[in-house]
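Source file: protein23.tsv; contents: TSV, C-alpha atoms and all ligand atoms.
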chain	number	residue	atom	x	y	z
A	52	MET	CA	156.49	-184.51	-39.36
A	53	ILE	CA	155.77	-185.76	-42.86
A	54	ARG	CA	153.37	-183.55	-44.77
A	55	SER	CA	150.11	-185.27	-45.68
A	56	VAL	CA	148.26	-182.93	-48.11
A	57	PHE	CA	149.41	-181.87	-51.60
A	58	ILE	CA	147.79	-180.25	-54.61
A	59	ALA	CA	148.24	-181.06	-58.28
A	60	ARG	CA	146.54	-180.40	-61.59
A	61	ASN	CA	145.13	-183.07	-63.84
A	62	ARG	CA	146.77	-183.04	-67.25
A	63	ASN	CA	143.64	-184.08	-69.12
A	64	THR	CA	141.09	-181.74	-67.65
A	65	GLY	CA	142.98	-178.89	-66.11
A	66	PHE	CA	141.21	-179.24	-62.75
A	67	HIS	CA	143.08	-179.46	-59.46
A	68	SER	CA	142.84	-182.21	-56.84
A	69	LEU	CA	144.20	-182.70	-53.36
A	70	PHE	CA	146.30	-185.77	-52.54
A	71	GLU	CA	145.52	-186.59	-48.92
A	72	VAL	CA	147.43	-189.28	-47.01
A	73	ILE	CA	145.48	-191.18	-44.33
A	74	GLY	CA	147.52	-193.06	-41.74
A	75	SER	CA	146.66	-196.74	-41.27
A	76	ASP	CA	145.63	-196.06	-37.67
A	77	ASN	CA	142.88	-193.71	-38.85
A	78	PRO	CA	140.94	-195.48	-41.60
A	79	VAL	CA	137.37	-195.02	-40.35
A	80	PRO	CA	135.20	-192.13	-41.50
A	81	ALA	CA	133.80	-189.76	-38.91
A	82	THR	CA	130.61	-190.73	-37.11
A	83	ALA	CA	130.37	-187.93	-34.52
A	84	PRO	CA	129.76	-184.26	-35.29
A	85	MET	CA	132.96	-182.39	-36.03
A	86	ASP	CA	134.82	-180.28	-33.51
A	87	PHE	CA	133.36	-176.78	-33.86
A	88	ASP	CA	136.66	-174.95	-34.34
A	89	LEU	CA	137.64	-177.35	-37.09
A	90	ALA	CA	134.22	-177.03	-38.77
A	91	GLU	CA	134.65	-173.24	-38.78
A	92	HIS	CA	138.13	-173.56	-40.30
A	93	LEU	CA	136.69	-175.69	-43.10
A	94	LEU	CA	133.99	-173.08	-43.70
A	95	ARG	CA	136.22	-170.08	-43.62
A	96	TRP	CA	139.65	-170.85	-45.03
A	97	GLY	CA	140.67	-167.98	-47.27
A	98	THR	CA	143.91	-169.23	-48.79
A	99	LEU	CA	145.29	-172.51	-50.10
A	100	ASP	CA	147.60	-172.67	-47.09
A	101	GLU	CA	144.65	-172.40	-44.66
A	102	LEU	CA	142.78	-175.02	-46.67
A	103	VAL	CA	145.70	-177.46	-46.47
A	104	ALA	CA	145.98	-176.86	-42.71
A	105	ALA	CA	142.25	-177.57	-42.19
A	106	ILE	CA	142.23	-180.69	-44.39
A	107	SER	CA	145.40	-182.00	-42.73
A	108	GLU	CA	143.39	-181.96	-39.52
A	109	SER	CA	140.00	-183.18	-40.78
A	110	GLY	CA	141.17	-185.72	-43.34
A	111	PRO	CA	139.37	-186.02	-46.71
A	112	LEU	CA	135.84	-184.63	-46.67
A	113	ILE	CA	134.56	-187.38	-48.95
A	114	ASP	CA	136.87	-190.37	-48.99
A	115	ARG	CA	134.91	-192.72	-51.26
A	116	SER	CA	134.16	-192.56	-54.96
A	117	ILE	CA	131.02	-190.74	-55.95
A	118	TYR	CA	130.97	-192.36	-59.39
A	119	LYS	CA	131.77	-195.92	-60.39
A	120	GLU	CA	134.37	-194.68	-62.86
A	121	GLU	CA	136.17	-192.91	-60.10
A	122	ASN	CA	138.85	-194.44	-57.91
A	123	ARG	CA	139.24	-192.00	-55.07
A	124	ARG	CA	141.19	-194.09	-52.60
A	125	LEU	CA	144.58	-195.51	-53.55
A	126	SER	CA	147.13	-197.61	-51.72
A	127	ILE	CA	150.37	-195.77	-51.04
A	128	ASN	CA	152.05	-197.87	-53.75
A	129	GLU	CA	149.41	-196.98	-56.33
A	130	ALA	CA	149.68	-193.30	-55.38
A	131	ILE	CA	153.45	-193.31	-55.71
A	132	GLU	CA	153.13	-194.97	-59.10
A	133	VAL	CA	150.69	-192.31	-60.29
A	134	VAL	CA	152.96	-189.54	-59.10
A	135	GLU	CA	156.09	-191.13	-60.61
A	136	GLU	CA	154.36	-191.33	-63.98
A	137	SER	CA	153.18	-187.76	-63.54
A	138	VAL	CA	156.64	-186.41	-62.81
A	139	GLY	CA	158.29	-188.34	-65.60
A	140	GLY	CA	155.82	-188.38	-68.44
A	141	GLU	CA	152.69	-187.27	-70.12
A	142	ARG	CA	150.14	-188.93	-67.87
A	143	GLY	CA	148.41	-188.18	-64.61
A	144	PHE	CA	149.01	-184.95	-62.80
A	145	THR	CA	151.19	-181.94	-63.39
A	146	ARG	CA	152.20	-178.62	-61.83
A	147	CYS	CA	149.44	-176.32	-60.63
A	148	ASP	CA	148.13	-173.64	-62.95
A	149	GLU	CA	148.27	-170.45	-60.95
A	150	ASP	CA	145.58	-168.54	-62.85
A	151	PHE	CA	143.12	-171.38	-62.91
A	152	LEU	CA	143.76	-172.41	-59.31
A	153	TYR	CA	143.04	-168.83	-58.28
A	154	LEU	CA	139.60	-169.10	-59.91
A	155	GLN	CA	138.90	-172.55	-58.50
A	156	LEU	CA	139.54	-171.29	-54.96
A	157	CYS	CA	136.36	-169.24	-55.15
A	158	LEU	CA	135.39	-168.01	-51.66
A	159	GLU	CA	131.73	-167.71	-50.80
A	160	GLY	CA	130.99	-165.24	-48.05
A	161	VAL	CA	129.81	-161.79	-47.21
A	162	SER	CA	132.66	-159.37	-47.34
A	163	ALA	CA	132.86	-156.25	-45.22
A	164	THR	CA	134.29	-154.36	-48.18
A	165	GLY	CA	131.99	-155.82	-50.85
A	166	SER	CA	134.71	-155.87	-53.49
A	167	ALA	CA	135.11	-158.47	-56.22
A	168	SER	CA	138.61	-159.29	-55.03
A	169	SER	CA	137.24	-160.72	-51.79
A	170	LEU	CA	135.84	-163.63	-53.80
A	171	TYR	CA	139.32	-165.09	-54.16
A	172	PRO	CA	142.50	-165.47	-52.14
A	173	SER	CA	145.17	-162.95	-53.06
A	174	ARG	CA	147.25	-163.74	-56.14
A	175	ALA	CA	150.42	-163.51	-54.07
A	176	SER	CA	149.16	-166.12	-51.61
A	177	VAL	CA	148.32	-168.53	-54.45
A	178	SER	CA	151.82	-168.51	-55.91
A	179	ARG	CA	153.44	-168.69	-52.49
A	180	ASP	CA	151.20	-171.60	-51.40
A	181	ILE	CA	151.80	-173.58	-54.61
A	182	GLU	CA	155.52	-173.59	-53.76
A	183	ARG	CA	154.65	-174.96	-50.32
A	184	HIS	CA	151.97	-177.50	-51.15
A	185	GLY	CA	152.25	-178.32	-54.84
A	186	LEU	CA	152.70	-182.07	-55.33
A	187	ILE	CA	155.31	-181.50	-58.02
A	188	GLU	CA	156.49	-178.06	-56.90
A	189	SER	CA	157.32	-179.06	-53.33
A	190	ASP	CA	158.53	-182.61	-54.08
A	191	GLY	CA	155.52	-184.40	-52.64
A	192	LEU	CA	156.85	-187.63	-54.17
A	193	ALA	CA	159.69	-187.70	-51.62
A	194	GLU	CA	157.12	-187.18	-48.86
A	195	LEU	CA	154.92	-190.02	-50.16
A	196	ARG	CA	157.94	-192.30	-50.19
A	197	ARG	CA	158.64	-191.35	-46.57
A	198	TRP	CA	155.04	-192.26	-45.75
A	199	ARG	CA	155.47	-195.66	-47.37
A	200	GLU	CA	158.52	-196.33	-45.24
A	201	ALA	CA	156.98	-195.11	-42.00
A	202	ASP	CA	153.47	-196.53	-42.47
A	203	PRO	CA	153.17	-199.03	-45.35
A	204	GLY	CA	149.44	-199.49	-44.69
A	205	CYS	CA	148.54	-195.84	-45.24
A	206	THR	CA	146.25	-194.85	-48.12
A	207	VAL	CA	145.90	-191.80	-50.31
A	208	VAL	CA	142.63	-190.14	-51.23
A	209	VAL	CA	142.60	-188.02	-54.38
A	210	GLU	CA	139.82	-185.52	-53.76
A	211	PRO	CA	138.69	-182.93	-56.30
A	212	LEU	CA	139.27	-179.38	-55.14
A	213	GLU	CA	135.82	-178.54	-56.52
A	214	ASP	CA	134.19	-180.79	-53.90
A	215	ILE	CA	136.05	-179.18	-51.05
A	216	VAL	CA	135.22	-175.67	-52.24
A	217	LEU	CA	131.56	-176.65	-52.69
A	218	CYS	CA	131.38	-178.00	-49.11
A	219	ARG	CA	132.99	-174.82	-47.81
A	220	ASN	CA	130.71	-172.51	-49.73
A	221	LEU	CA	127.49	-174.39	-49.06
A	222	GLY	CA	128.30	-174.78	-45.36
A	223	SER	CA	129.22	-171.13	-44.98
A	224	LEU	CA	125.96	-170.07	-46.63
A	225	VAL	CA	123.76	-172.47	-44.63
A	226	LEU	CA	125.25	-171.24	-41.36
A	227	ARG	CA	124.73	-167.58	-42.28
A	228	LEU	CA	121.17	-168.18	-43.44
A	229	THR	CA	120.34	-170.16	-40.29
A	230	ALA	CA	121.70	-167.35	-38.10
A	231	ASN	CA	119.64	-164.74	-39.96
A	232	ILE	CA	116.50	-166.89	-39.92
A	233	ARG	CA	116.88	-167.32	-36.17
A	234	SER	CA	117.42	-163.61	-35.56
A	235	GLY	CA	113.85	-163.03	-36.74
A	236	CYS	CA	114.63	-160.41	-39.43
A	237	GLY	CA	112.43	-160.26	-42.52
A	238	ASP	CA	115.10	-159.57	-45.15
A	239	VAL	CA	116.93	-162.84	-44.50
A	240	LEU	CA	118.24	-163.29	-48.04
A	241	GLU	CA	119.46	-159.73	-48.56
A	242	ARG	CA	121.03	-159.71	-45.12
A	243	SER	CA	122.83	-162.90	-46.11
A	244	GLY	CA	124.37	-161.28	-49.19
A	245	PHE	CA	121.79	-162.07	-51.90
A	246	ARG	CA	120.59	-159.35	-54.22
A	247	HIS	CA	117.25	-159.25	-55.91
A	248	PHE	CA	117.51	-159.66	-59.63
A	249	ASP	CA	114.10	-159.05	-61.08
A	250	LYS	CA	112.55	-160.02	-64.38
A	251	ILE	CA	112.94	-156.64	-66.04
A	252	HIS	CA	116.55	-156.18	-64.98
A	253	ARG	CA	117.41	-159.70	-66.05
A	254	SER	CA	115.73	-159.66	-69.41
A	255	ARG	CA	117.51	-156.40	-70.24
A	256	ILE	CA	120.84	-158.11	-69.64
A	257	ALA	CA	120.37	-161.73	-70.61
A	258	GLY	CA	116.97	-161.85	-72.27
A	259	GLU	CA	116.45	-165.50	-71.44
A	260	LEU	CA	114.97	-166.44	-68.11
A	261	GLU	CA	111.58	-165.15	-67.24
A	262	ASP	CA	111.77	-165.67	-63.54
A	263	SER	CA	113.26	-163.35	-61.00
A	264	TYR	CA	115.59	-164.50	-58.27
A	265	TYR	CA	117.66	-163.54	-55.30
A	266	VAL	CA	121.23	-164.16	-56.47
A	267	LEU	CA	124.58	-164.67	-54.81
A	268	PRO	CA	128.02	-165.43	-56.34
A	269	PHE	CA	128.57	-168.98	-55.19
A	270	LYS	CA	131.29	-170.93	-56.95
A	271	HIS	CA	133.62	-171.12	-59.88
A	272	ASN	CA	131.83	-171.61	-63.19
A	273	SER	CA	133.92	-174.35	-64.73
A	274	SER	CA	132.14	-174.21	-68.07
A	275	PHE	CA	133.25	-170.67	-68.74
A	276	ASP	CA	136.93	-171.46	-68.94
A	277	ARG	CA	137.97	-172.08	-72.53
A	278	THR	CA	141.25	-173.66	-71.52
A	279	LEU	CA	139.47	-176.66	-70.04
A	280	ASN	CA	139.40	-179.86	-71.96
A	281	TYR	CA	135.89	-181.23	-72.15
A	282	SER	CA	136.63	-184.02	-74.57
A	283	SER	CA	134.58	-187.17	-74.11
A	284	LYS	CA	137.70	-189.15	-73.33
A	285	TRP	CA	137.92	-187.95	-69.78
A	286	PHE	CA	135.10	-190.15	-68.67
A	287	GLU	CA	137.04	-193.27	-69.57
A	288	ASN	CA	140.12	-192.14	-67.76
A	289	VAL	CA	139.88	-192.65	-64.03
A	290	PHE	CA	142.43	-190.01	-63.26
A	291	GLY	CA	140.96	-187.68	-65.77
A	292	TYR	CA	137.56	-188.09	-64.26
A	293	MET	CA	138.52	-187.46	-60.69
A	294	VAL	CA	138.91	-183.77	-61.12
A	295	ILE	CA	135.60	-182.81	-62.67
A	296	ASN	CA	133.37	-181.52	-59.86
A	297	PRO	CA	131.64	-184.81	-59.03
A	298	LEU	CA	129.86	-183.72	-55.87
A	299	GLU	CA	128.08	-180.91	-57.64
A	300	THR	CA	127.06	-183.14	-60.54
A	301	ARG	CA	125.89	-185.74	-58.06
A	302	ILE	CA	123.76	-183.18	-56.25
A	303	LEU	CA	122.34	-181.94	-59.52
A	304	ASP	CA	121.76	-185.53	-60.60
A	305	LEU	CA	119.30	-186.08	-57.80
A	306	SER	CA	116.52	-184.35	-59.66
A	307	PRO	CA	115.62	-183.60	-63.29
A	308	LYS	CA	117.25	-180.76	-65.14
A	309	LYS	CA	115.51	-178.18	-67.28
A	310	ASP	CA	116.85	-176.36	-70.28
A	311	LYS	CA	119.55	-173.77	-69.86
A	312	VAL	CA	119.50	-173.78	-66.09
A	313	LEU	CA	120.92	-176.35	-63.73
A	314	PHE	CA	118.11	-177.52	-61.49
A	315	GLY	CA	119.30	-179.50	-58.51
A	316	SER	CA	117.61	-181.33	-55.72
A	317	VAL	CA	116.80	-178.12	-53.88
A	318	PRO	CA	113.50	-177.13	-55.48
A	319	ASN	CA	113.61	-173.36	-55.02
A	320	ALA	CA	117.21	-172.86	-56.10
A	321	VAL	CA	119.10	-172.89	-59.40
A	322	LEU	CA	122.66	-172.21	-60.44
A	323	ILE	CA	122.90	-169.66	-63.23
A	324	THR	CA	125.66	-167.94	-65.13
A	325	ALA	CA	126.08	-164.23	-65.72
A	326	GLN	CA	126.66	-164.37	-69.43
A	327	ILE	CA	124.78	-162.98	-72.37
A	328	LYS	CA	124.11	-165.14	-75.43
A	329	THR	CA	127.41	-164.39	-77.11
A	330	GLY	CA	129.22	-165.66	-74.03
A	331	GLU	CA	130.30	-162.25	-72.79
A	332	GLY	CA	130.09	-161.57	-69.09
A	333	ALA	CA	126.98	-159.66	-68.05
A	334	PRO	CA	126.92	-157.11	-65.22
A	335	PHE	CA	124.68	-159.46	-63.37
A	336	PHE	CA	125.29	-159.05	-59.69
A	337	ASP	CA	126.62	-155.53	-59.55
A	338	VAL	CA	127.36	-153.16	-62.42
A	339	CYS	CA	130.53	-152.01	-60.68
A	340	TRP	CA	132.05	-155.43	-61.06
A	341	LYS	CA	134.24	-156.31	-63.95
A	342	PRO	CA	132.47	-158.51	-66.50
A	343	GLU	CA	135.45	-160.88	-66.57
A	344	ILE	CA	134.91	-161.54	-62.86
A	345	GLU	CA	131.16	-162.02	-63.29
A	346	LYS	CA	131.84	-164.57	-65.98
A	347	THR	CA	133.92	-166.81	-63.75
A	348	GLN	CA	131.10	-167.31	-61.26
A	349	LEU	CA	128.10	-169.54	-60.93
A	350	TYR	CA	125.33	-167.71	-59.12
A	351	LEU	CA	123.13	-169.43	-56.61
A	352	SER	CA	119.65	-168.14	-57.28
A	353	ILE	CA	116.70	-168.54	-54.94
A	354	ASP	CA	113.13	-168.15	-56.09
A	355	ASP	CA	111.39	-164.92	-55.15
A	356	GLY	CA	107.90	-166.46	-55.12
A	357	GLY	CA	107.44	-166.20	-51.37
A	358	ASN	CA	108.79	-163.84	-48.76
A	359	GLN	CA	112.53	-163.95	-48.10
A	360	ARG	CA	112.18	-165.73	-44.82
A	361	ASP	CA	110.04	-168.58	-46.17
A	362	GLU	CA	112.29	-169.00	-49.20
A	363	ALA	CA	115.39	-169.10	-46.99
A	364	VAL	CA	113.78	-171.69	-44.69
A	365	ALA	CA	112.75	-173.82	-47.68
A	366	PHE	CA	116.26	-173.58	-49.12
A	367	VAL	CA	118.00	-174.59	-45.87
A	368	GLU	CA	115.55	-177.42	-45.18
A	369	SER	CA	115.86	-178.99	-48.59
A	370	THR	CA	119.64	-178.55	-48.62
A	371	VAL	CA	119.78	-180.45	-45.33
A	372	GLU	CA	117.57	-183.22	-46.75
A	373	MET	CA	119.76	-183.45	-49.83
A	374	LEU	CA	122.98	-183.65	-47.81
A	375	ARG	CA	121.57	-186.19	-45.41
A	376	GLY	CA	120.62	-188.53	-48.24
A	377	LEU	CA	123.81	-188.14	-50.24
A	378	THR	CA	125.28	-191.45	-51.37
A	379	THR	CA	127.98	-192.85	-53.58
A	380	LYS	CA	126.75	-194.08	-56.94
A	381	ASP	CA	126.45	-197.57	-55.37
A	382	GLY	CA	124.12	-196.28	-52.70
A	383	GLU	CA	126.62	-196.30	-49.87
A	384	PRO	CA	125.67	-193.47	-47.51
A	385	LEU	CA	127.81	-190.33	-47.40
A	386	GLY	CA	125.36	-188.21	-45.40
A	387	TRP	CA	123.97	-189.23	-42.04
A	388	SER	CA	121.44	-191.51	-40.40
A	389	VAL	CA	119.63	-191.61	-37.10
A	390	SER	CA	119.70	-194.65	-34.85
A	391	GLU	CA	117.32	-195.46	-32.01
A	392	PRO	CA	118.29	-194.57	-28.45
A	393	SER	CA	119.67	-197.37	-26.34
A	394	ILE	CA	117.18	-198.83	-23.83
A	395	PHE	CA	119.92	-198.45	-21.22
A	396	ASP	CA	120.14	-194.67	-21.66
A	397	ASN	CA	118.64	-192.53	-18.91
A	398	GLU	CA	117.45	-190.05	-21.51
A	399	PRO	CA	116.17	-191.60	-24.72
A	400	LEU	CA	118.03	-189.50	-27.30
A	401	PRO	CA	118.37	-190.49	-30.93
A	402	ARG	CA	121.96	-190.76	-32.17
A	403	TYR	CA	123.18	-189.25	-35.40
A	404	LEU	CA	125.78	-191.19	-37.32
A	405	PHE	CA	127.73	-189.18	-39.89
A	406	HIS	CA	129.09	-191.20	-42.79
A	407	SER	CA	131.80	-188.85	-44.07
A	408	ALA	CA	133.87	-185.96	-42.73
A	409	ALA	CA	131.80	-183.65	-44.97
A	410	ALA	CA	128.61	-184.89	-43.28
A	411	SER	CA	130.14	-184.51	-39.85
A	412	MET	CA	131.10	-180.92	-40.73
A	413	PHE	CA	127.57	-180.15	-41.92
A	414	GLY	CA	126.22	-181.93	-38.82
A	415	SER	CA	127.96	-179.54	-36.49
A	416	ILE	CA	126.47	-176.56	-38.37
A	417	ILE	CA	122.99	-178.00	-38.73
A	418	TYR	CA	122.45	-179.56	-35.30
A	419	ARG	CA	124.98	-177.43	-33.39
A	420	TYR	CA	124.85	-179.42	-30.14
A	421	GLY	CA	124.33	-176.53	-27.77
A	422	TYR	CA	125.97	-173.81	-29.83
A	423	VAL	CA	123.90	-171.06	-31.42
A	424	PRO	CA	124.29	-169.64	-34.92
A	425	ALA	CA	125.06	-165.92	-35.05
A	426	THR	CA	126.56	-163.49	-37.55
A	427	CYS	CA	129.88	-161.69	-37.25
A	428	LYS	CA	129.29	-158.08	-36.23
A	429	ASN	CA	131.78	-156.87	-38.84
A	430	CYS	CA	131.43	-159.00	-41.98
A	431	GLY	CA	128.06	-160.72	-41.47
A	432	ASN	CA	129.32	-164.27	-41.95
A	433	GLY	CA	127.90	-167.06	-39.82
A	434	ILE	CA	129.64	-168.12	-36.62
A	435	LEU	CA	128.91	-170.75	-33.98
A	436	VAL	CA	128.69	-169.29	-30.49
A	437	LYS	CA	128.78	-171.05	-27.13
A	438	THR	CA	125.63	-170.41	-25.13
A	439	ARG	CA	127.51	-170.09	-21.86
A	440	GLY	CA	130.11	-167.50	-20.89
A	441	LYS	CA	131.00	-164.39	-22.87
A	442	ARG	CA	129.46	-164.57	-26.33
A	443	ARG	CA	131.77	-164.30	-29.29
A	444	GLU	CA	130.83	-161.48	-31.67
A	445	PHE	CA	133.37	-161.70	-34.51
A	446	CYS	CA	134.45	-164.44	-36.89
A	447	SER	CA	138.14	-163.58	-36.61
A	448	PRO	CA	140.61	-161.24	-34.86
A	449	SER	CA	140.90	-159.20	-38.07
A	450	CYS	CA	137.13	-158.58	-38.12
A	451	ARG	CA	137.30	-157.41	-34.51
A	452	THR	CA	140.11	-154.99	-35.38
A	453	GLN	CA	138.35	-153.71	-38.49
A	454	TYR	CA	135.18	-153.13	-36.55
A	455	SER	CA	136.83	-151.20	-33.73
A	456	ASN	CA	138.85	-149.15	-36.21
A	457	ARG	CA	135.65	-148.23	-38.01
A	458	LYS	CA	133.94	-147.31	-34.78
A	459	ALA	CA	136.87	-145.13	-33.82
A	460	GLY	CA	136.64	-143.41	-37.22
A	461	LEU	CA	140.05	-144.56	-38.41
E	501	ZN	ZN	133.81	-161.40	-39.75

Can the structure from this file be put into structure tokens for me?
Ligand SMILES: [Zn+2]
Amino acid sequence: MIRSVFIARNRNTGFHSLFEVIGSDNPVPATAPMDFDLAEHLLRWGTLDELVAAISESGPLIDRSIYKEENRRLSINEAIEVVEESVGGERGFTRCDEDFLYLQLCLEGVSATGSASSLYPSRASVSRDIERHGLIESDGLAELRRWREADPGCTVVVEPLEDIVLCRNLGSLVLRLTANIRSGCGDVLERSGFRHFDKIHRSRIAGELEDSYYVLPFKHNSSFDRTLNYSSKWFENVFGYMVINPLETRILDLSPKKDKVLFGSVPNAVLITAQIKTGEGAPFFDVCWKPEIEKTQLYLSIDDGGNQRDEAVAFVESTVEMLRGLTTKDGEPLGWSVSEPSIFDNEPLPRYLFHSAAASMFGSIIYRYGYVPATCKNCGNGILVKTRGKRREFCSPSCRTQYSNRKAGL
């Protein structure tokens, strides 16, 4: 079989993107909720290799351009041209940057061990997986040429890695929060991995914000990295543009920003950095962590104005609203819509139509279609459980093993 997913780094910006081939027999975006196993894979991949496997199955999460300047979908001929220029010259894409890719693959989730290293895949897996999936490193050009021969009508979507990581991390968090809200506990946010960061603690470290928050390490902080090229030219260059986290900027675009903090369309949440004024990393989330790790993260921060349960409900509800209404810059829907039941149905049920694979993934977490949200007994991450038959208790075989080893005192 010809491989269909590759990763490369943009020369201008330093960010990575996936090149995803879509066969000509499969051009339509998803309209039904996603298969639950696949949705869980997209929420819980822990290495580049697992990510490539999940995306090879799901196809691109967002296959249309979010900005006018962006050209996300290419014909196979255009894609081959881009890659030929990349291999030969100064333009387009280049080999992956191992250190930076490691940071970009930031993994949201509660870890059973609570260590900083669980925020990223292992270093060894990153270098191994680049050899396997790198567009340049694994001769993806030869594979694209094979695609052109076998299926001349196929297309290639160039999707920013940042988007895919954001979908993973937001989905994983929403599922965990929903499970903890449903369980009826009061400390929903803390149980979901947030820590309270109060005014006094915060002003001692950063001395800027006056509010207190519940905070959680959430995604790579792309503004921290000095090696990135933020020159104004990238906006004019389609291929330069494609790798700057457009989904996140789009989400944040949906409502006004305030100074110093990124305010998005979810009213009780902000994304903040753990840096003091000089730019040094601050021991923001946990003093045991290394400041250089703190610095690479953007922290999702939820208001502590109400009780944890109400704040978690408000966060999940407005995240769902925001995702449902997500569009391209031209107003084409990327989220989902509801259509009336057919008058010929025996039961008048509304139908949900999902306008992108990302929406269909979120749809299976949010509406669940007969599954219930629960948390893994070992690590606390969200899982989707069938209501009939023996209920699943762990997210993965390794969590089951870890849990029984712990119980046995090993
Ligand atoms: Zn687990």

What is the distance between CA of Leu125 in chain A and CA of Ile187 in chain A, in Å to one decimal? 18.2 Å

Counting all atoms listed in the file, which residue out of A:Ser243, A:Ser352, A:Ser415, A:Ser162 sits closest to ligand ZN 501 (chain E)? A:Ser162

8 Å contact set for Leu154 in chain A, all atoms listed in the file, chain neighbours under 3 positions out, as a ChimeraX atom specification: /A:150-151,157,171,271,347

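Take the candidates A:Arg219, A:Arg443, A:Arg179, A:Arg451 and check each one against ligand ZN 501 (chain E) using only C-alpha atoms and all ligand atoms; the shortest distance goes to A:Arg451.
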
Could you list, as a PDB file with C-alpha atoms, in the coordinates of the input, all protein and nucleic acid residues with an atom at most 12 Å from ligand ZN 501 (chain E), counting only C-alpha atoms and all ligand atoms?
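Okay, this is what ended up in result00.pdb:
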ATOM      1  CA  GLU A  91     134.650-173.240 -38.780  1.00  0.00           C
ATOM      2  CA  ARG A  95     136.220-170.080 -43.620  1.00  0.00           C
ATOM      3  CA  GLY A 160     130.990-165.240 -48.050  1.00  0.00           C
ATOM      4  CA  VAL A 161     129.810-161.790 -47.210  1.00  0.00           C
ATOM      5  CA  SER A 162     132.660-159.370 -47.340  1.00  0.00           C
ATOM      6  CA  ALA A 163     132.860-156.250 -45.220  1.00  0.00           C
ATOM      7  CA  THR A 164     134.290-154.360 -48.180  1.00  0.00           C
ATOM      8  CA  SER A 223     129.220-171.130 -44.980  1.00  0.00           C
ATOM      9  CA  ARG A 227     124.730-167.580 -42.280  1.00  0.00           C
ATOM     10  CA  ALA A 425     125.060-165.920 -35.050  1.00  0.00           C
ATOM     11  CA  THR A 426     126.560-163.490 -37.550  1.00  0.00           C
ATOM     12  CA  CYS A 427     129.880-161.690 -37.250  1.00  0.00           C
ATOM     13  CA  LYS A 428     129.290-158.080 -36.230  1.00  0.00           C
ATOM     14  CA  ASN A 429     131.780-156.870 -38.840  1.00  0.00           C
ATOM     15  CA  CYS A 430     131.430-159.000 -41.980  1.00  0.00           C
ATOM     16  CA  GLY A 431     128.060-160.720 -41.470  1.00  0.00           C
ATOM     17  CA  ASN A 432     129.320-164.270 -41.950  1.00  0.00           C
ATOM     18  CA  GLY A 433     127.900-167.060 -39.820  1.00  0.00           C
ATOM     19  CA  ILE A 434     129.640-168.120 -36.620  1.00  0.00           C
ATOM     20  CA  ARG A 443     131.770-164.300 -29.290  1.00  0.00           C
ATOM     21  CA  GLU A 444     130.830-161.480 -31.670  1.00  0.00           C
ATOM     22  CA  PHE A 445     133.370-161.700 -34.510  1.00  0.00           C
ATOM     23  CA  CYS A 446     134.450-164.440 -36.890  1.00  0.00           C
ATOM     24  CA  SER A 447     138.140-163.580 -36.610  1.00  0.00           C
ATOM     25  CA  PRO A 448     140.610-161.240 -34.860  1.00  0.00           C
ATOM     26  CA  SER A 449     140.900-159.200 -38.070  1.00  0.00           C
ATOM     27  CA  CYS A 450     137.130-158.580 -38.120  1.00  0.00           C
ATOM     28  CA  ARG A 451     137.300-157.410 -34.510  1.00  0.00           C
ATOM     29  CA  THR A 452     140.110-154.990 -35.380  1.00  0.00           C
ATOM     30  CA  GLN A 453     138.350-153.710 -38.490  1.00  0.00           C
ATOM     31  CA  TYR A 454     135.180-153.130 -36.550  1.00  0.00           C
TER      32      TYR A 454
END

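Minimum atom-to-atom distances from A:Ile127, A:Leu351, A:Ala230, A:Leu377 to Thr206 in chain A were compared using only C-alpha atoms, and the lowest value belongs to A:Ile127.
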
Leaving out range 103-109 of chain A and any residue of its chain fewer than 5 positions from it, which residues lie within 12 Å of it when counting all atoms listed in the file, given as a count of residues only? 50

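With distances taken over all atoms listed in the file, A:Ser273 is the one residue among A:Asn358, A:Glu368, A:Ala83, A:Ser273 lying closest to Thr324 in chain A.
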
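Taking only C-alpha atoms into account, Arg246 in chain A lies nearest to A:Gln359 out of the set A:Ser388, A:Gln359, A:Ser189, A:Ser173.
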
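Remark: for Ala201 in chain A, the closest of the candidate residues A:Leu267, A:Ser75, A:Arg402, A:Leu170 is A:Ser75 (distances computed over all atoms listed in the file).
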
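With CA of Ser369 in chain A on one side and CA of Val225 in chain A on the other, the separation reads 11.0 Å.
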
Rounded to one decimal in Å, what is the spacing between CA of Ser137 in chain A and CA of Asn122 in chain A? 16.8 Å

Residues within 12 Å of Phe366 in chain A, please, as a PyMOL selection string. Count only C-alpha atoms; anything in the same chain fewer than 3 positions from it doesn't count. chain A and resi 221+224-225+228-229+232+239-240+265+315-321+351-355+357+359-363+369-373
